[in-house]
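*Asks:* Structure below; questions to follow.
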Amino acid sequence: MEQELIEKLRSGDREAFTHLINEYQVMVRSITSKFAFAKEDAEDIAQTVFIEVFKGIHGFKGKSKLSTWIYQIAVSRCIDFQRSAARKKRIIRIKEYLSGKVVMPNALRDYKNNPEAVYSEDEKRRILYAAIDRLPENQRAAFLLTKVEGLSYQEVAETLHSTVPAVESLLHRAKQNLRQQLTGK
C-alpha cells in the first residue's frame with residue numbers, strides 16, 4: 001500500500017498527494033504545533049513539509065518508512081523555522097539598538113544603593129556605549145551579538161551572513177577600536 005502511494009506520488013498523481021495529506025496531516029501538524037507558537041505558523045510549516053515531500057519524493061530511497069521520512073522533514077522544517085525566528089528577533093533587537101530606539105540592556109548592573117557608585121557606573125557605561133555607537137556598523141553588530149546577546153561566533157556568522165573567520169576579524173577590529181577610543185592607545 002505504501003509503495004503504491006510512493007509510486008503514484010512519483011508519477012505526479014494529484015489524488016495520491018491528497019491521500020498523502022489526509023494520511024499524514026495529523027502527525028505533521030502535531031509536530032509543527034509543538035515548534036510554532038502561532039497556529040498560522042504551524043500551518044505554514046505543515047504546508048511547506050507537504051510541498052517538500054511532493055517535490056522530493058523522487059529522492060526518497062525507501063530505507064525507512066514513508067512516515068519516518070515525512071517526520072524527519074517536518075522536524076527539519078520546524079528547526080529551520082525556530083532558527084529563522086530567533087535570527088529575526090536578534091536582528092530586530094540589534095537594529096532597534098543601532099537606530100537608538102532601545103537602550104542597550106545592562107547585564108552587569110550590581111549596585112549597592114550607593115548614589116556615587118551608581119553615577120560612576122552609569123558614566124562609565126555611557127562612555128562605553130558611546131564608543132560602541134561609533135564603531136562601524138558591521139563591527140558594532142558583531143560585538144553586540146557576541147557580548148550582549150551571548151551568541152557563538154558560528155551563530156553570529158549565520159546572522160550576519162558571513163563566515164566565522166570574518167566574525168573573528170570584525171570582533172578583533174572592534175576591540176582594537178574600542179581600546180583606542182577608551183584609552184587613546
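Simple scheme: letters A, B, ... for chains in C-alpha cells order, numbers from 1 for residues in each chain, numbers from 1 for ligands in the order shown.
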List the neighbours of stretch 148-164 of chain A out to 10 Å using only C-alpha atoms; skip same-chain residues closer than 5 positions along the sequence, and give me the result as a PyMOL selection string.

*Replies:* chain A and resi 83-84+86-88+90-91+93-94+104-107+138+141-143+169-171

*Asks:* Could those residues be written to a file, using N, CA and C atoms, as a PDB file, in the first residue's frame?

*Replies:*
```
ATOM      1  N   ARG A  83      15.063  28.646  14.072  1.00  0.00           N
ATOM      2  CA  ARG A  83      16.312  29.384  13.843  1.00  0.00           C
ATOM      3  C   ARG A  83      16.034  30.713  13.157  1.00  0.00           C
ATOM      4  N   SER A  84      15.180  30.661  12.170  1.00  0.00           N
ATOM      5  CA  SER A  84      14.833  31.873  11.437  1.00  0.00           C
ATOM      6  C   SER A  84      14.142  32.883  12.348  1.00  0.00           C
ATOM      7  N   ALA A  86      14.377  33.108  15.629  1.00  0.00           N
ATOM      8  CA  ALA A  86      15.346  33.618  16.599  1.00  0.00           C
ATOM      9  C   ALA A  86      16.278  34.630  15.944  1.00  0.00           C
ATOM     10  N   ARG A  87      16.715  34.327  14.724  1.00  0.00           N
ATOM     11  CA  ARG A  87      17.599  35.233  13.993  1.00  0.00           C
ATOM     12  C   ARG A  87      16.905  36.563  13.744  1.00  0.00           C
ATOM     13  N   LYS A  88      15.638  36.500  13.329  1.00  0.00           N
ATOM     14  CA  LYS A  88      14.889  37.734  13.071  1.00  0.00           C
ATOM     15  C   LYS A  88      14.738  38.560  14.334  1.00  0.00           C
ATOM     16  N   ARG A  90      16.786  38.612  16.935  1.00  0.00           N
ATOM     17  CA  ARG A  90      18.085  39.217  17.258  1.00  0.00           C
ATOM     18  C   ARG A  90      18.375  40.391  16.340  1.00  0.00           C
ATOM     19  N   ILE A  91      18.095  40.216  15.072  1.00  0.00           N
ATOM     20  CA  ILE A  91      18.356  41.287  14.110  1.00  0.00           C
ATOM     21  C   ILE A  91      17.494  42.494  14.429  1.00  0.00           C
ATOM     22  N   ARG A  93      16.317  43.340  17.407  1.00  0.00           N
ATOM     23  CA  ARG A  93      16.854  43.974  18.621  1.00  0.00           C
ATOM     24  C   ARG A  93      18.100  44.786  18.302  1.00  0.00           C
ATOM     25  N   ILE A  94      18.981  44.221  17.484  1.00  0.00           N
ATOM     26  CA  ILE A  94      20.204  44.944  17.122  1.00  0.00           C
ATOM     27  C   ILE A  94      19.855  46.190  16.321  1.00  0.00           C
ATOM     28  N   MET A 104      20.705  49.826  25.272  1.00  0.00           N
ATOM     29  CA  MET A 104      21.311  48.515  25.472  1.00  0.00           C
ATOM     30  C   MET A 104      21.042  48.035  26.891  1.00  0.00           C
ATOM     31  N   PRO A 105      20.664  46.777  27.071  1.00  0.00           N
ATOM     32  CA  PRO A 105      20.412  46.265  28.409  1.00  0.00           C
ATOM     33  C   PRO A 105      21.691  46.238  29.225  1.00  0.00           C
ATOM     34  N   ASN A 106      21.548  46.418  30.526  1.00  0.00           N
ATOM     35  CA  ASN A 106      22.701  46.434  31.401  1.00  0.00           C
ATOM     36  C   ASN A 106      22.806  45.107  32.109  1.00  0.00           C
ATOM     37  N   ALA A 107      23.572  44.199  31.542  1.00  0.00           N
ATOM     38  CA  ALA A 107      23.685  42.859  32.093  1.00  0.00           C
ATOM     39  C   ALA A 107      24.611  42.793  33.300  1.00  0.00           C
ATOM     40  N   ASN A 138      29.190  47.006  10.941  1.00  0.00           N
ATOM     41  CA  ASN A 138      29.427  45.561  10.967  1.00  0.00           C
ATOM     42  C   ASN A 138      30.188  45.136  12.229  1.00  0.00           C
ATOM     43  N   ALA A 141      27.653  45.395  15.178  1.00  0.00           N
ATOM     44  CA  ALA A 141      26.708  44.274  15.185  1.00  0.00           C
ATOM     45  C   ALA A 141      27.381  43.009  15.714  1.00  0.00           C
ATOM     46  N   ALA A 142      28.582  42.701  15.233  1.00  0.00           N
ATOM     47  CA  ALA A 142      29.294  41.508  15.693  1.00  0.00           C
ATOM     48  C   ALA A 142      29.588  41.601  17.187  1.00  0.00           C
ATOM     49  N   PHE A 143      30.004  42.767  17.639  1.00  0.00           N
ATOM     50  CA  PHE A 143      30.322  42.970  19.054  1.00  0.00           C
ATOM     51  C   PHE A 143      29.076  42.785  19.921  1.00  0.00           C
ATOM     52  N   SER A 169      37.528  38.405  12.817  1.00  0.00           N
ATOM     53  CA  SER A 169      38.224  39.613  12.381  1.00  0.00           C
ATOM     54  C   SER A 169      37.451  40.869  12.790  1.00  0.00           C
ATOM     55  N   LEU A 170      36.136  40.856  12.596  1.00  0.00           N
ATOM     56  CA  LEU A 170      35.316  42.002  12.995  1.00  0.00           C
ATOM     57  C   LEU A 170      35.429  42.269  14.495  1.00  0.00           C
ATOM     58  N   LEU A 171      35.392  41.207  15.288  1.00  0.00           N
ATOM     59  CA  LEU A 171      35.494  41.365  16.739  1.00  0.00           C
ATOM     60  C   LEU A 171      36.874  41.883  17.148  1.00  0.00           C
TER      61      LEU A 171
END
```

*Asks:* Show which residues sit within 12 Å of A:Gln180, as a list in words. Count only C-alpha atoms, and ignore same-chain residues fewer than 5 positions away.

*Replies:*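 Near A:Gln180, the qualifying residues are Leu128, Ala131, Ile132, Arg134, Leu135, Arg173, Ala174, Lys175 and Lys185 of chain A.
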
*Asks:* Leaving out A:Ile6 and any residue of its chain fewer than 5 positions from it, which residues lie within 9 Å of it when counting only C-alpha atoms, given as a list in words?

*Replies:* Met1, Ser11, Ala16, Ile57, His58, Phe60 and Leu66 of chain A

*Asks:* Considering only C-alpha atoms, state which residue in the set A:Tyr24, A:Phe50, A:Phe17, A:Tyr129 is at the smallest distance from A:Ser67.

*Replies:*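 Distance minimum relative to A:Ser67 lands on A:Tyr24.
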
*Asks:* Run DSSP on the backbone and give me the residues of stretch 6-146 of chain A it puts in alpha helix (DSSP H), as a PyMOL selection string.

*Replies:* chain A and resi 6-10+14-35+39-56+66-99+115-133+137-146

*Asks:* Could you jot down the atom CA of A:Gln176 to atom CA of A:Lys147 separation for me, Å, one decimal place?

*Replies:*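 Going from atom CA of A:Gln176 over to atom CA of A:Lys147 covers 14.9 Å.
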
*Asks:* Excluding A:His172 and residues on its chain fewer than 6 positions from it, collect all residues at most 10 Å away from it, counting only C-alpha atoms, and give them as a VMD selection string.

*Replies:* chain A and resid 139 143 166 178

*Asks:* With distances taken over only C-alpha atoms, which of A:Ala85, A:Leu144, A:Cys78, A:Leu5 is nearest to A:Arg29?

*Replies:*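 Using only C-alpha atoms, the shortest distance to A:Arg29 belongs to A:Cys78.
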